[in-house]
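Encoded as structure tokens, the structure appears first; notes follow it.
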There are 2 protein chains.
Amino acid sequence: MSNEKRTSIKDLAASLGVSTALVSFVLNGKAKQHRISEEMAQRVIKKAKEMNYSPNLVAKNLRGGKSQLIGVLVTDISNPFYSTISRIIEDRASELDYTVLFSSSDEDLESTKRLIRVLVNKGVEGLIVVPCDGSKEVIEELCHDEVPLVLVDRHFPDVKVGYSVLDNFKATELITRHLIENGYSRISVISYETEMNHIKERVAGYEETMRKAGFTEYLNVNRINLSNPRSEMHDTLKRLLKAKTDAVVCLTNMLSVNGIYCLKEMKVRIPEDLAFVGFNRSDVFNLLENPITYIKQPLERIAIEAVNILVDKINNDNTRGKGFIAEPELVIQSSTPKKKVLSRLD
Amino acid sequence: MSNEKRTSIKDLAASLGVSTALVSFVLNGKAKQHRISEEMAQRVIKKAKEMNYSPNLVAKNLRGGKSQLIGVLVTDISNPFYSTISRIIEDRASELDYTVLFSSSDEDLESTKRLIRVLVNKGVEGLIVVPCDGSKEVIEELCHDEVPLVLVDRHFPDVKVGYSVLDNFKATELITRHLIENGYSRISVISYETEMNHIKERVAGYEETMRKAGFTEYLNVNRINLSNPRSEMHDTLKRLLKAKTDAVVCLTNMLSVNGIYCLKEMKVRIPEDLAFVGFNRSDVFNLLENPITYIKQPLERIAIEAVNILVDKINNDNTRGKGFIAEPELVIQSSTPKKKVLSRLD
DNA sequence: CAGTTTAGCTTAATCGTTTTAGCTATTTAT
DNA sequence: ATAAATAGCTAAAACGATTAAGCTAAACTG
């Protein structure tokens with residue numbers, strides 16, 4: 001880090017009066033293999049410390065044809081959910097001697113295509129991607145092109161690709177069961193218009209649990225158009241309240257926060273007037289008079305597994321389609337208390 | 001992006017029947033300078049597109065010391081404040097054809113040193129750093145070593161280095177003036193133990209404004225030890241309330257959120273029992289019964305200017321110590337209403 | 001028409017490593 | 001004593017780009 005240029009392997013070799021090859025062998029632990037004398041090896045190691053040598057990564061990578069770079073494409077790294085994941089990815093990648101390049105697609109298909117190309121052109125050895133709506137073909141193509149790839153948060157079950165995601169079905173199963181056990185029955189879901197599998201799974205988990213409990217008649221899934229979430233959320237909630245909905249489950253964090261804001265504006269009290277369940281931790285959940293019950297994702301495991309799987313793929317190409325499915329945790333707070341009145345009789 | 005390995009400049013040269021030098025000249029915009037015929041230049045460019053050529057960053061870096069890489073070291077990229085800045089830095093850098101490497105120091109001096117070394121080792125041409133407490137020497141050394149450097153969010157006024165920061169003095173001046181105008185006088189500040197200049201400036205802005213208003217007797221700055229913020233915050237707030245404090249100003253976002261949580265636990269109402277001002281936008285500020293008045297930083301400008309200054313420095317080494325100081329904006333909400341009772345008479 | 005310019009290229013060194021192939025002197029085997 | 005084996009090292013190419021220096025043929029000069 002000082003002003004003179006860094007010690008190179010050449011400097012070391014010169015000052016020891018040996019070849020660069022010898023130095024390289026020793027410092028890479030291949031001394032035995034190349035029959036370098038024990039005494040020589042010690043001298044090299046000592047000198048390397050003396051001269052504060054550290055290998056030039058760039059040269060190393062050039063020679064090895066390895067960039068030790070991985071690309072991460074999330075929808076928006078300024079979103080706390082993704083920035084948390086990104087942070088963990090960066091930490092884990094760093095442990096494994098990889099450097100991470102980040103990009104944000106803003107949920108846009110064209111950006112996704114472009115940014116993936118940019119990352120690949122920058123020489124990344126693999127990609128971790130949060131695929132946006134409609135990106136299935138792009139992802140499929142990418143797999144074909146033999147770029148090691150791991151999807152995070154969302155994935156396409158019929159595409160042979162690595163993934164690390166939540167068990168989304170189980171998440172809403174947990175939520176719905178909890179609500180039913182606490183006496184709710186007219187449970188409605190607020191979702192958004194999408195073809196993405198993770199949302200479908202969340203809907204399915206809710207629907208199946210409701211059916212099993214014999215509440216088929218109360219099944220109620222509302223899909224909001226994200227171009228105007230606030231006003232659509234308002235209308236939806238109004239409608240649900242009129243229809244005597246017991247409890248509302250929002251399927252994403254953004255929907256949850258929006259829902260809470262709307263309910264506040266509408267002077268609807270949680271849980272007195274309506275029980276409420278959110279998705280993914282958020283400061284706002286805990287600051288309300290009655291903190292919100294929500295699904296917590298094990299972000300750390302999801303992110304670490306994503307990196308592990310990716311690096312595995314980079315090293316052995318035989319591991320197509322490996323995946324990790326994380327267990328959701330239901331954090332029960334006071335937005336979903338036991339109902340006073342029996343729900344079947346109201 | 002296809003299965004075969006990437007096109008190199010050699011492949012291009014071979015398929016055109018020319019030397020690699022020619023190709024390099026053309027693709028680096030030095031065709032004129034090296035008297036390459038216009039026709040030849042066009043053929044090279046066309047072929048490069050056809051073969052989807054993109055330069056190998058690693059090789060470029062090794063040869064020229066030009067990596068088009070910049071390093072960004074924030075304290076924690078999963079913190080929304082820094083992830084927002086990071087996102088904008090990434091976008092702006094990308095426009096200028098730079099790739100960004102991110103790291104998080106966790107406010108730790110040793111990590112700061114290590115990560116800066118790692119980034120420099122990875123070949124970054126410049127650094128954008130949020131310096132942690134006690135990092136002044138590290139930063140000074142870095143300037144000496146001729147690594148282009150821009151500090152963000154916090155800086156050291158007596159170190160000749162680029163910076164892009166808020167006008168912190170003005171921020172608390174705005175807050176304090178607003179509070180005084182609304183009839184508050186026993187205004188207390190909650191800060192934390194640090195030598196960092198930005199915090200000192202915030203304190204100074206408060207103190208000077210209070211003095212000018214003749215409220216020297218009410219000056220009250222409380223410094224919390226961050227090793228145990230929650231309980232210290234509790235104690236501090238209790239003490240302040242006993243001392244009939246009118247209004248509390250928290251000097252960072254983390255302190256603000258903590259403060260709000262504590263007040264909620266203590267059943268202290270904002271603003272009925274205590275007026276409250278926070279720092280940096282946060283969802284929690286807007287979800288309270290009475291949304292919080294806070295200082296908003298123009299993050300976009302701060303981040304963009306940081307990149308601009310850095311790239312400037314990378315290109316002309318004569319611009320040591322350039323800086324940008326951003327205007328704070330006071331977002332006035334209902335946590336600081338006009339006081340009913342005259343404060344001088346209570 | 002001989003000498004000088006100039007246009008338009010190429011050659012080859014270089015960055016800091018890794019690694020294959022091979023060299024030399026000594027030891028061992030026969 | 002001589003061939004074969006081995007120990008201990010080195011030479012040099014390679015990774016993919018950049019760039020200083022030089023080369024050749026055509027164009028210009030007087």
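Going through the structure tokens in order, the chains are called A, B, and so on, while each chain numbers its residues from 1 and the ligands are numbered from 1 in the order shown.
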(Q) Tell me as a ChimeraX atom specification which residues belonging to chain A come within 8 Å of chain D, counting only C-alpha atoms (C1' of nucleotides). (A) /A:19,21-22,35-37,62-65
Mind dumping the selected residues with C-alpha atoms as a PDB file, in the first residue's frame?
```
ATOM      1  CA  SER A  19      14.056 -18.420 -10.972  1.00  0.00           C
ATOM      2  CA  ALA A  21       9.276 -20.621 -11.329  1.00  0.00           C
ATOM      3  CA  LEU A  22      10.869 -21.824  -8.121  1.00  0.00           C
ATOM      4  CA  ARG A  35      11.347 -31.348  -5.756  1.00  0.00           C
ATOM      5  CA  ILE A  36      12.386 -28.019  -4.310  1.00  0.00           C
ATOM      6  CA  SER A  37      14.689 -28.584  -1.347  1.00  0.00           C
ATOM      7  CA  LEU A  62      -5.176 -13.681 -16.493  1.00  0.00           C
ATOM      8  CA  ARG A  63      -2.869 -16.615 -16.468  1.00  0.00           C
ATOM      9  CA  GLY A  64      -5.446 -18.989 -15.074  1.00  0.00           C
ATOM     10  CA  GLY A  65      -8.237 -17.850 -17.360  1.00  0.00           C
TER      11      GLY A  65
END
```
Quick one: which chain C residues come within 9 Å of chain B, and what is the nearest atom pair for each with the distance in Å to one decimal, counting only C-alpha atoms (C1' of nucleotides), rows ordered by chain and ascending number, as a Markdown table?
```
| residue | atom | partner | partner_atom | distance |
| --- | --- | --- | --- | --- |
| C:DA7 | C1' | B:Arg35 | CA | 6.7 |
| C:DG8 | C1' | B:Ile36 | CA | 5.9 |
| C:DC9 | C1' | B:Ile36 | CA | 7.7 |
| C:DT10 | C1' | B:Ser19 | CA | 6.5 |
| C:DT14 | C1' | B:Arg63 | CA | 7.3 |
| C:DC15 | C1' | B:Arg63 | CA | 4.4 |
| C:DG16 | C1' | B:Leu62 | CA | 7.8 |
```
Q.
With 9 Å as the limit and counting only C-alpha atoms, what residues in chain A lie close to chain B? Please list them as a PyMOL selection string.
A. chain A and resi 1-4+54-59+61-62+66-67+76-88+90-91+99-104+117+120-123+142+144-147+257+260-261+264+282-289
Q: Using backbone DSSP assignments, extract all helix (DSSP H, G or I) residues from stretch 131-237 of chain B; output them as number ranges by chain.
A: B: 136-144, 168-181, 197-212, 216-218, 229-237
(Q) Could you pull out the strand (DSSP E) residues of stretch 167-318 of chain A, going by DSSP on the backbone, and write them as number ranges by chain? (A) A: 187-192, 221-224, 247-250, 275-279, 293-296
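What separates atom CA of B:His178 from atom CA of B:Met266 is a distance of 26.0 Å.
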(Q) So the first atom is atom CA of A:Arg239 and the second is atom CA of A:Asn280; what is the distance between them in Å, to one decimal place? (A) 25.1 Å
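Reported to one decimal place, the separation of atom CA of A:Asn168 from atom CA of A:Arg202 is 5.1 Å.
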